[in-house]
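data_16.txt follows; it contains compact mmCIF, C-alpha atoms.
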```txt
# COMPACT_ATOMS: atom_id res chain seq x y z
CA MET B 1 -21.08 -40.91 -36.39
CA ALA B 2 -18.15 -38.54 -36.22
CA SER B 3 -15.29 -39.39 -38.56
CA ASP B 4 -12.13 -41.07 -37.31
CA ARG B 5 -10.27 -37.91 -38.18
CA ILE B 6 -12.28 -35.62 -35.94
CA GLN B 7 -12.21 -38.24 -33.17
CA GLN B 8 -8.41 -38.25 -33.31
CA GLN B 9 -8.27 -34.46 -33.31
CA ILE B 10 -10.59 -34.17 -30.31
CA ALA B 11 -8.68 -36.90 -28.45
CA PHE B 12 -5.51 -34.82 -28.87
CA ILE B 13 -7.23 -31.59 -27.83
CA MET B 14 -8.64 -33.19 -24.69
CA GLU B 15 -5.34 -34.88 -23.84
CA LEU B 16 -3.84 -31.38 -23.74
CA ASP B 17 -6.07 -30.54 -20.80
CA LYS B 18 -3.56 -32.42 -18.62
CA LEU B 19 -1.03 -29.64 -19.16
CA LYS B 20 -3.20 -27.60 -16.77
CA THR B 21 -2.21 -30.01 -14.00
CA ILE B 22 1.57 -29.78 -14.57
CA TYR B 23 2.94 -27.15 -12.21
CA ARG B 24 6.13 -25.19 -12.81
CA ARG B 25 8.55 -23.87 -10.21
CA ALA B 26 7.49 -20.25 -10.85
CA TYR B 27 4.89 -18.56 -8.69
CA LEU B 28 2.12 -16.44 -10.17
CA ALA B 29 3.52 -12.95 -10.67
CA ALA B 30 0.06 -11.50 -9.96
CA ASP B 31 -0.09 -12.50 -6.29
CA ALA B 32 2.42 -15.34 -5.67
CA SER B 33 -0.55 -17.32 -4.30
CA ARG B 34 0.42 -20.54 -6.05
CA ARG B 35 2.73 -21.99 -8.66
CA GLU B 36 1.70 -21.47 -12.25
CA ASP B 37 0.93 -24.36 -14.54
CA ASP B 38 2.33 -25.17 -17.96
CA ALA B 39 -0.86 -24.26 -19.84
CA GLU B 40 -1.00 -20.78 -18.36
CA HIS B 41 2.70 -20.32 -18.94
CA SER B 42 2.41 -21.36 -22.59
CA TRP B 43 -0.33 -18.79 -23.14
CA HIS B 44 1.62 -16.07 -21.37
CA VAL B 45 4.88 -16.63 -23.20
CA ALA B 46 3.12 -16.78 -26.61
CA ILE B 47 1.59 -13.33 -26.08
CA MET B 48 4.88 -12.05 -24.69
CA ALA B 49 6.66 -13.10 -27.91
CA ASN B 50 4.07 -11.25 -29.96
CA ILE B 51 4.57 -8.06 -27.93
CA LEU B 52 8.39 -8.23 -27.87
CA GLN B 53 9.05 -9.45 -31.44
CA GLU B 54 10.62 -6.11 -32.42
CA TYR B 55 13.66 -6.95 -30.24
CA SER B 56 14.78 -9.74 -32.55
CA PRO B 57 17.48 -8.33 -34.87
CA ALA B 58 17.04 -11.44 -37.04
CA PHE B 59 13.88 -11.63 -39.15
CA ILE B 60 11.42 -13.98 -37.47
CA ASP B 61 8.10 -15.41 -38.61
CA ILE B 62 6.19 -14.47 -35.47
CA ASN B 63 3.30 -16.79 -36.33
CA ARG B 64 5.72 -19.70 -36.17
CA VAL B 65 7.19 -18.44 -32.88
CA ILE B 66 3.68 -18.32 -31.39
CA ARG B 67 2.89 -21.85 -32.61
CA ILE B 68 6.18 -23.15 -31.20
CA LEU B 69 5.51 -21.56 -27.82
CA LEU B 70 1.94 -22.85 -27.68
CA ILE B 71 3.18 -26.43 -27.95
CA HIS B 72 6.71 -26.25 -26.48
CA ASP B 73 5.82 -27.73 -23.07
CA ILE B 74 3.21 -30.32 -24.12
CA VAL B 75 5.75 -33.11 -23.59
CA GLU B 76 5.75 -32.27 -19.88
CA ILE B 77 2.35 -34.00 -19.61
CA ASP B 78 4.40 -37.21 -19.49
CA ALA B 79 7.89 -35.99 -18.62
CA GLY B 80 7.04 -33.42 -15.93
CA ASP B 81 8.57 -30.00 -15.39
CA VAL B 82 12.27 -29.85 -14.51
CA SER B 83 13.79 -26.54 -13.39
CA ILE B 84 16.44 -25.17 -15.72
CA TYR B 85 18.70 -25.03 -12.62
CA HIS B 86 18.24 -28.75 -11.90
CA ARG B 87 18.78 -30.40 -15.28
CA THR B 88 21.55 -32.66 -14.07
CA ASN B 89 20.58 -35.50 -16.42
CA PRO B 90 19.82 -33.74 -19.73
CA GLN B 91 20.00 -36.90 -21.86
CA GLU B 92 17.51 -38.77 -19.73
CA ILE B 93 15.13 -35.79 -19.80
CA ALA B 94 15.53 -35.47 -23.58
CA GLU B 95 14.70 -39.16 -24.04
CA LYS B 96 11.59 -38.94 -21.84
CA GLU B 97 10.44 -35.82 -23.65
CA HIS B 98 10.96 -37.42 -27.04
CA GLN B 99 8.84 -40.42 -26.03
CA ALA B 100 6.18 -38.03 -24.76
CA ALA B 101 6.14 -36.16 -28.07
CA VAL B 102 5.73 -39.43 -29.97
CA ARG B 103 2.83 -40.50 -27.76
CA ILE B 104 0.96 -37.20 -27.51
CA PHE B 105 1.39 -35.86 -31.05
CA GLY B 106 0.74 -39.46 -32.14
CA LEU B 107 -2.90 -38.99 -31.13
CA LEU B 108 -3.35 -36.70 -34.16
CA PRO B 109 -3.99 -37.65 -37.79
CA VAL B 110 -0.67 -38.27 -39.56
CA ASP B 111 -0.46 -34.92 -41.39
CA GLN B 112 -1.03 -32.86 -38.26
CA ARG B 113 1.21 -35.10 -36.17
CA ALA B 114 4.12 -34.38 -38.53
CA LYS B 115 3.57 -30.62 -38.31
CA MET B 116 3.49 -30.66 -34.52
CA MET B 117 6.59 -32.84 -34.30
CA ASP B 118 8.39 -30.43 -36.64
CA LEU B 119 7.52 -27.46 -34.42
CA TRP B 120 8.62 -29.26 -31.27
CA ASN B 121 11.85 -30.58 -32.81
CA GLU B 122 12.60 -27.08 -34.06
CA PHE B 123 12.22 -25.72 -30.52
CA GLU B 124 14.42 -28.43 -29.05
CA ALA B 125 17.17 -28.06 -31.67
CA SER B 126 17.16 -24.27 -31.26
CA GLN B 127 18.83 -23.61 -34.60
CA THR B 128 16.33 -21.31 -36.33
CA PRO B 129 15.74 -17.62 -35.48
CA GLU B 130 12.17 -18.54 -34.51
CA SER B 131 13.11 -21.27 -32.06
CA ARG B 132 15.89 -19.13 -30.59
CA PHE B 133 13.52 -16.26 -30.00
CA ALA B 134 11.06 -18.70 -28.42
CA LYS B 135 13.82 -19.96 -26.10
CA ALA B 136 14.77 -16.39 -25.17
CA MET B 137 11.14 -15.70 -24.21
CA ASP B 138 11.02 -18.94 -22.23
CA ARG B 139 14.12 -17.78 -20.29
CA LEU B 140 13.03 -14.18 -19.76
CA ILE B 141 9.58 -14.89 -18.36
CA PRO B 142 10.68 -16.79 -15.20
CA LEU B 143 13.07 -13.92 -14.47
CA LEU B 144 10.10 -11.54 -14.59
CA HIS B 145 8.06 -13.84 -12.33
CA ASN B 146 10.88 -13.87 -9.82
CA TYR B 147 11.40 -10.13 -10.00
CA TYR B 148 7.68 -9.47 -9.49
CA THR B 149 7.51 -11.82 -6.49
CA GLN B 150 10.62 -10.44 -4.74
CA GLY B 151 12.63 -13.51 -5.73
CA LYS B 152 10.32 -15.92 -3.90
CA ARG B 153 11.28 -18.96 -5.94
CA TRP B 154 14.99 -18.05 -6.11
CA LYS B 155 15.09 -17.78 -2.32
CA GLU B 156 13.27 -21.06 -1.78
CA ASP B 157 15.56 -22.89 -4.20
CA GLY B 158 18.74 -21.15 -3.07
CA ILE B 159 19.44 -19.83 -6.57
CA THR B 160 22.28 -17.32 -6.71
CA TYR B 161 22.98 -14.16 -8.70
CA GLU B 162 25.74 -16.01 -10.58
CA GLN B 163 23.39 -18.82 -11.60
CA VAL B 164 20.77 -16.40 -12.87
CA MET B 165 23.38 -14.44 -14.83
CA GLU B 166 24.77 -17.66 -16.31
CA ILE B 167 21.40 -19.06 -17.43
CA ASN B 168 20.04 -15.80 -18.80
CA ARG B 169 23.20 -14.64 -20.56
CA LYS B 170 22.10 -16.70 -23.57
CA ILE B 171 19.38 -14.12 -24.19
CA GLU B 172 22.15 -11.87 -25.52
CA GLU B 173 22.75 -14.12 -28.55
CA THR B 174 19.11 -13.66 -29.55
CA SER B 175 18.56 -10.06 -28.53
CA PRO B 176 21.20 -7.73 -27.10
CA GLU B 177 18.46 -5.24 -26.20
CA LEU B 178 16.45 -7.78 -24.21
CA TRP B 179 19.63 -8.93 -22.49
CA THR B 180 20.35 -5.35 -21.44
CA TYR B 181 16.86 -5.23 -19.98
CA ALA B 182 17.19 -8.65 -18.31
CA LYS B 183 20.56 -7.68 -16.83
CA SER B 184 19.03 -4.53 -15.33
CA LEU B 185 16.41 -6.72 -13.60
CA ILE B 186 19.06 -9.09 -12.27
CA GLU B 187 21.23 -6.24 -10.94
CA ASP B 188 18.20 -4.62 -9.38
CA SER B 189 17.24 -7.97 -7.81
CA LEU B 190 20.67 -8.13 -6.22
CA ALA B 191 20.40 -4.55 -4.98
CA LYS B 192 16.96 -5.23 -3.49
CA GLY B 193 17.96 -8.51 -1.87
CA PHE B 194 15.76 -10.74 -4.08
CA LEU B 195 18.97 -12.53 -5.08
CA LYS B 196 22.27 -13.11 -3.27
CA LYS B 197 25.77 -13.68 -4.57
CA SER B 198 27.12 -17.15 -3.98
CA ILE B 199 29.39 -17.59 -0.98
CA LEU B 200 32.11 -18.96 -3.27
CA SER B 201 32.19 -15.78 -5.31
CA GLU B 202 32.99 -13.77 -2.23
CA ILE B 203 36.03 -15.79 -1.22
CA MET S 1 17.87 2.48 -18.03
CA ALA S 2 15.27 0.55 -19.96
CA SER S 3 13.33 2.64 -22.47
CA ASP S 4 9.80 3.82 -21.76
CA ARG S 5 8.64 1.57 -24.57
CA ILE S 6 9.94 -1.66 -23.10
CA GLN S 7 8.70 -0.60 -19.64
CA GLN S 8 5.20 -0.20 -21.08
CA GLN S 9 5.40 -3.54 -22.87
CA ILE S 10 6.54 -5.37 -19.75
CA ALA S 11 3.89 -3.64 -17.63
CA PHE S 12 1.26 -5.01 -20.04
CA ILE S 13 2.78 -8.50 -20.08
CA MET S 14 2.88 -8.67 -16.29
CA GLU S 15 -0.64 -7.27 -15.95
CA LEU S 16 -1.77 -10.27 -18.01
CA ASP S 17 -0.64 -12.57 -15.21
CA LYS S 18 -3.89 -11.67 -13.42
CA LEU S 19 -5.83 -13.67 -16.02
CA LYS S 20 -4.46 -16.77 -14.26
CA THR S 21 -6.55 -15.82 -11.23
CA ILE S 22 -9.85 -15.43 -13.11
CA TYR S 23 -11.72 -18.72 -12.87
CA ARG S 24 -14.32 -19.88 -15.37
CA ARG S 25 -17.37 -22.04 -14.71
CA ALA S 26 -15.83 -25.03 -16.52
CA TYR S 27 -14.02 -27.75 -14.63
CA LEU S 28 -10.74 -29.17 -15.87
CA ALA S 29 -11.56 -31.92 -18.34
CA ALA S 30 -8.45 -33.84 -17.23
CA ASP S 31 -9.68 -34.63 -13.71
CA ALA S 32 -12.48 -32.19 -12.77
CA SER S 33 -10.34 -31.34 -9.71
CA ARG S 34 -10.92 -27.61 -10.00
CA ARG S 35 -12.31 -24.92 -12.25
CA GLU S 36 -10.06 -23.83 -15.08
CA ASP S 37 -8.81 -20.29 -15.36
CA ASP S 38 -8.99 -17.88 -18.27
CA ALA S 39 -5.28 -18.10 -19.13
CA GLU S 40 -5.36 -21.89 -19.47
CA HIS S 41 -8.58 -21.69 -21.43
CA SER S 42 -7.13 -19.11 -23.84
CA TRP S 43 -4.16 -21.37 -24.53
CA HIS S 44 -6.36 -24.43 -25.01
CA VAL S 45 -8.83 -22.80 -27.37
CA ALA S 46 -6.03 -21.26 -29.49
CA ILE S 47 -4.46 -24.68 -30.12
CA MET S 48 -7.90 -26.15 -30.71
CA ALA S 49 -8.54 -23.60 -33.46
CA ASN S 50 -5.25 -24.51 -35.09
CA ILE S 51 -6.14 -28.21 -35.08
CA LEU S 52 -9.76 -27.76 -36.27
CA GLN S 53 -9.25 -24.98 -38.85
CA GLU S 54 -10.09 -27.34 -41.74
CA TYR S 55 -13.74 -27.33 -40.62
CA SER S 56 -14.23 -23.71 -41.61
CA PRO S 57 -15.85 -23.65 -45.08
CA ALA S 58 -14.94 -19.95 -45.27
CA PHE S 59 -11.28 -19.09 -45.83
CA ILE S 60 -9.76 -18.01 -42.53
CA ASP S 61 -6.39 -16.50 -41.65
CA ILE S 62 -5.61 -18.93 -38.85
CA ASN S 63 -2.82 -16.75 -37.48
CA ARG S 64 -5.39 -14.04 -36.86
CA VAL S 65 -7.79 -16.53 -35.25
CA ILE S 66 -5.02 -17.63 -32.87
CA ARG S 67 -4.17 -14.03 -31.97
CA ILE S 68 -7.84 -13.24 -31.36
CA LEU S 69 -8.23 -16.24 -29.09
CA LEU S 70 -5.07 -15.50 -27.14
CA ILE S 71 -6.45 -12.09 -26.15
CA HIS S 72 -10.24 -12.63 -26.25
CA ASP S 73 -10.71 -12.96 -22.47
CA ILE S 74 -8.14 -10.42 -21.23
CA VAL S 75 -10.93 -7.97 -20.39
CA GLU S 76 -12.14 -10.42 -17.74
CA ILE S 77 -9.21 -9.32 -15.56
CA ASP S 78 -11.44 -6.34 -14.69
CA ALA S 79 -14.90 -7.52 -15.75
CA GLY S 80 -14.82 -11.10 -14.45
CA ASP S 81 -16.16 -14.23 -16.11
CA VAL S 82 -19.89 -14.45 -16.73
CA SER S 83 -21.40 -17.74 -17.88
CA ILE S 84 -22.97 -17.66 -21.33
CA TYR S 85 -26.11 -19.00 -19.63
CA HIS S 86 -26.28 -16.11 -17.18
CA ARG S 87 -25.75 -13.05 -19.37
CA THR S 88 -28.96 -11.33 -18.30
CA ASN S 89 -27.48 -7.85 -18.60
CA PRO S 90 -25.45 -7.96 -21.83
CA GLN S 91 -25.19 -4.17 -22.20
CA GLU S 92 -23.77 -3.71 -18.73
CA ILE S 93 -21.24 -6.53 -19.33
CA ALA S 94 -20.27 -5.03 -22.70
CA GLU S 95 -19.68 -1.64 -21.09
CA LYS S 96 -17.52 -3.12 -18.31
CA GLU S 97 -15.53 -5.14 -20.83
CA HIS S 98 -14.99 -2.13 -23.05
CA GLN S 99 -13.62 -0.14 -20.12
CA ALA S 100 -11.36 -3.06 -19.24
CA ALA S 101 -10.01 -3.19 -22.80
CA VAL S 102 -9.26 0.54 -22.71
CA ARG S 103 -7.42 0.21 -19.41
CA ILE S 104 -5.47 -2.98 -20.07
CA PHE S 105 -4.53 -2.49 -23.73
CA GLY S 106 -3.87 1.12 -22.73
CA LEU S 107 -0.78 -0.06 -20.87
CA LEU S 108 0.89 -0.75 -24.24
CA PRO S 109 2.67 1.71 -26.53
CA VAL S 110 0.12 3.38 -28.85
CA ASP S 111 0.84 1.28 -31.96
CA GLN S 112 0.47 -2.04 -30.14
CA ARG S 113 -2.54 -0.82 -28.18
CA ALA S 114 -4.37 -0.12 -31.44
CA LYS S 115 -3.60 -3.58 -32.83
CA MET S 116 -4.83 -5.31 -29.68
CA MET S 117 -8.00 -3.21 -29.57
CA ASP S 118 -8.66 -4.10 -33.22
CA LEU S 119 -8.37 -7.83 -32.48
CA TRP S 120 -10.63 -7.60 -29.45
CA ASN S 121 -13.23 -5.45 -31.21
CA GLU S 122 -13.20 -7.89 -34.10
CA PHE S 123 -13.94 -10.76 -31.71
CA GLU S 124 -16.76 -8.86 -30.02
CA ALA S 125 -18.38 -7.73 -33.28
CA SER S 126 -18.17 -11.25 -34.70
CA GLN S 127 -18.54 -10.17 -38.32
CA THR S 128 -15.41 -11.63 -39.92
CA PRO S 129 -14.83 -15.32 -40.71
CA GLU S 130 -11.89 -15.26 -38.26
CA SER S 131 -13.87 -13.90 -35.32
CA ARG S 132 -16.78 -16.22 -36.08
CA PHE S 133 -14.52 -19.22 -36.09
CA ALA S 134 -12.97 -18.02 -32.82
CA LYS S 135 -16.46 -17.74 -31.30
CA ALA S 136 -17.36 -21.23 -32.51
CA MET S 137 -14.23 -22.60 -30.79
CA ASP S 138 -15.09 -20.67 -27.63
CA ARG S 139 -18.55 -22.31 -27.66
CA LEU S 140 -17.41 -25.81 -28.50
CA ILE S 141 -14.74 -26.15 -25.83
CA PRO S 142 -17.02 -25.83 -22.75
CA LEU S 143 -19.25 -28.47 -24.32
CA LEU S 144 -16.23 -30.79 -24.46
CA HIS S 145 -15.31 -29.97 -20.86
CA ASN S 146 -18.82 -30.85 -19.75
CA TYR S 147 -18.90 -34.02 -21.81
CA TYR S 148 -15.54 -35.18 -20.41
CA THR S 149 -16.65 -34.48 -16.81
CA GLN S 150 -20.04 -36.24 -17.10
CA GLY S 151 -21.84 -32.89 -17.20
CA LYS S 152 -20.53 -31.80 -13.79
CA ARG S 153 -20.99 -28.08 -14.40
CA TRP S 154 -24.31 -28.51 -16.24
CA LYS S 155 -25.69 -30.46 -13.29
CA GLU S 156 -24.46 -27.96 -10.70
CA ASP S 157 -25.92 -25.04 -12.63
CA GLY S 158 -29.15 -26.83 -13.61
CA ILE S 159 -28.46 -26.32 -17.33
CA THR S 160 -30.86 -28.23 -19.59
CA TYR S 161 -30.54 -30.03 -22.91
CA GLU S 162 -32.64 -27.31 -24.53
CA GLN S 163 -30.34 -24.57 -23.27
CA VAL S 164 -27.22 -26.35 -24.51
CA MET S 165 -28.81 -26.93 -27.92
CA GLU S 166 -29.89 -23.31 -28.14
CA ILE S 167 -26.46 -21.84 -27.23
CA ASN S 168 -24.44 -24.21 -29.39
CA ARG S 169 -26.69 -24.14 -32.44
CA LYS S 170 -24.80 -21.04 -33.60
CA ILE S 171 -21.80 -23.26 -34.34
CA GLU S 172 -23.75 -24.41 -37.43
CA GLU S 173 -23.46 -20.96 -39.08
CA THR S 174 -19.67 -21.24 -38.85
CA SER S 175 -19.19 -24.93 -39.48
CA PRO S 176 -21.95 -27.43 -40.29
CA GLU S 177 -19.48 -30.27 -39.74
CA LEU S 178 -18.51 -29.12 -36.25
CA TRP S 179 -22.17 -28.62 -35.43
CA THR S 180 -22.91 -32.20 -36.46
CA TYR S 181 -20.14 -33.29 -34.12
CA ALA S 182 -21.32 -31.00 -31.30
CA LYS S 183 -24.89 -32.25 -31.69
CA SER S 184 -23.71 -35.84 -31.38
CA LEU S 185 -22.04 -34.95 -28.06
CA ILE S 186 -25.19 -33.22 -26.80
CA GLU S 187 -27.41 -36.15 -27.78
CA ASP S 188 -24.99 -38.59 -26.19
CA SER S 189 -24.92 -36.43 -23.04
CA LEU S 190 -28.69 -36.70 -22.87
CA ALA S 191 -28.57 -40.47 -23.39
CA LYS S 192 -25.92 -40.86 -20.67
CA GLY S 193 -27.71 -38.62 -18.18
CA PHE S 194 -25.08 -35.84 -18.21
CA LEU S 195 -27.89 -33.52 -19.31
CA LYS S 196 -31.66 -33.53 -18.71
CA LYS S 197 -34.53 -32.14 -20.72
CA SER S 198 -36.31 -29.22 -19.09
CA ILE S 199 -39.51 -30.01 -17.23
CA LEU S 200 -41.37 -27.54 -19.39
CA SER S 201 -40.48 -29.40 -22.57
CA GLU S 202 -42.12 -32.55 -21.26
CA ILE S 203 -45.51 -30.99 -20.55
```

Could you quickly redo this structure as structure tokens?
Amino acid sequence: MASDRIQQQIAFIMELDKLKTIYRRAYLAADASRREDDAEHSWHVAIMANILQEYSPAFIDINRVIRILLIHDIVEIDAGDVSIYHRTNPQEIAEKEHQAAVRIFGLLPVDQRAKMMDLWNEFEASQTPESRFAKAMDRLIPLLHNYYTQGKRWKEDGITYEQVMEINRKIEETSPELWTYAKSLIEDSLAKGFLKKSILSEI
Amino acid sequence: MASDRIQQQIAFIMELDKLKTIYRRAYLAADASRREDDAEHSWHVAIMANILQEYSPAFIDINRVIRILLIHDIVEIDAGDVSIYHRTNPQEIAEKEHQAAVRIFGLLPVDQRAKMMDLWNEFEASQTPESRFAKAMDRLIPLLHNYYTQGKRWKEDGITYEQVMEINRKIEETSPELWTYAKSLIEDSLAKGFLKKSILSEI
């Protein structure tokens, strides 16, 4: 008989499989054939952080950043994915996500549960250099997906240049260099017609 | 203008998106609704390693194991996924995968390219405790997917109990405890009819 401990660990690991059925707004950058799911996204953004770590002026423990990014969206198994442009009820979302964290990390043995909760709380609070860099990666990657798919999702959702500038400007606090790069993508998206200015801004 | 360096890094990161379009044999364990892709799998197996690291009797640098697993299947963007049960031409596959590694990691700046090649070569050579643990995870997870989907893929591919025992037995070299667990799943799969013995073995 397998021990209770390994049974709990495997139950958690197999519960995670559900993240592969939670679809994000973003389309695949490769061919825009479908929306990407949270599991794929978590993998992609973890590697991205590893590759771009040099753009953090603050010292970061990259191993912790990778761990944070691997688990940052697990709560969406219960709470679902909500676009950053449609978070009109942040407290309600935060409450749902907290309950999800308690349930899902609660499948693990107590010691591992505590470690996972710490990582997830760190990401949510966004106070450490590691969690801030993780958030910057999590912002930058949808911008890249949109840029590589000629703004497909932006167009479908009616997202404007001003909204994209507003949401992504926070990257500057974490990495001025990455913000310079992100800004160049946003300006180029405007020039190429992937994004439009809001009608209000033209009045 | 963005520097050449960041352009190379982003080109690599966006090339990786193609891994989301490379489908494995395994079905989603969550609902068996479709086959899983390499990007999802890489995420899943990296977290799994983190959770199960205590079952390695050898000391392992878990951060290195996670990095290895995050990149272990990237070569399949060019070389495709080949089932472990159908690797009849291992040298040809190895050659294709090597060329893929040269091309894909070659998108990166030289320093990062070398680090990625080292991780991938380490996985392929399977001589270090880290790469061996990564391989054990990569073996164990399809077994779990099959077990959680009542052997759906095994049945479709006509895979037998003997074949599954033979392929997974190598887990024992890395972790006797995980092999004991894996064996219990295989025996239970036989008892439940998810797997059948080969006709030859009954003669």

Residues of chain B no more than 7 Å from chain S, counting all atoms listed in the file: send them over as a ChimeraX atom specification.
/B:2,9,13,17-18,20,28-30,39-40,42-43,48,51,63,181

Atom CA of B:Asp188 to atom CA of B:Pro176, straight-line distance in Å
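Separation of atom CA of B:Pro176 and atom CA of B:Asp188: 18.2 Å.
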
If you count all atoms listed in the file, which residues fall within 10 Å of B:Arg139, apart from same-chain ones fewer than 6 positions away, as a list of chain:residue names?
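These residues fall inside the cut-off: B:Val45, B:Ile84, B:Phe133, B:Ile167, B:Asn168, B:Arg169, B:Lys170, B:Ile171, B:Ala182.
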
So which one's closest to B:Val102, B:Ala11, B:Ala191, B:Val75, B:Val164? Using all atoms listed in the file, please.
B:Val75

Ranking B:Leu143, B:Ala79, B:Leu119, B:Ala32 by minimum distance to B:Ala100 and counting only C-alpha atoms, which one comes first?
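Residue with the minimum atom-to-atom distance to B:Ala100: B:Ala79.
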
Write out as a list in words the residues lying within 12 Å of S:Thr160, counting only C-alpha atoms and excluding same-chain residues fewer than 4 positions away.
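So, after excluding close chain neighbours, the residues are Tyr85, Gly151, Arg153, Trp154, Lys155, Glu156, Val164, Met165, Glu166, Ile167, Ile186, Glu187, Ser189, Leu190, Gly193, Phe194, Leu195, Lys196, Lys197, Ser198, Ile199, Leu200 and Ser201 of chain S.
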
d(atom CA of B:Asp73, atom CA of B:Gly158) in Å
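Atom CA of B:Gly158 lies 24.7 Å from atom CA of B:Asp73.
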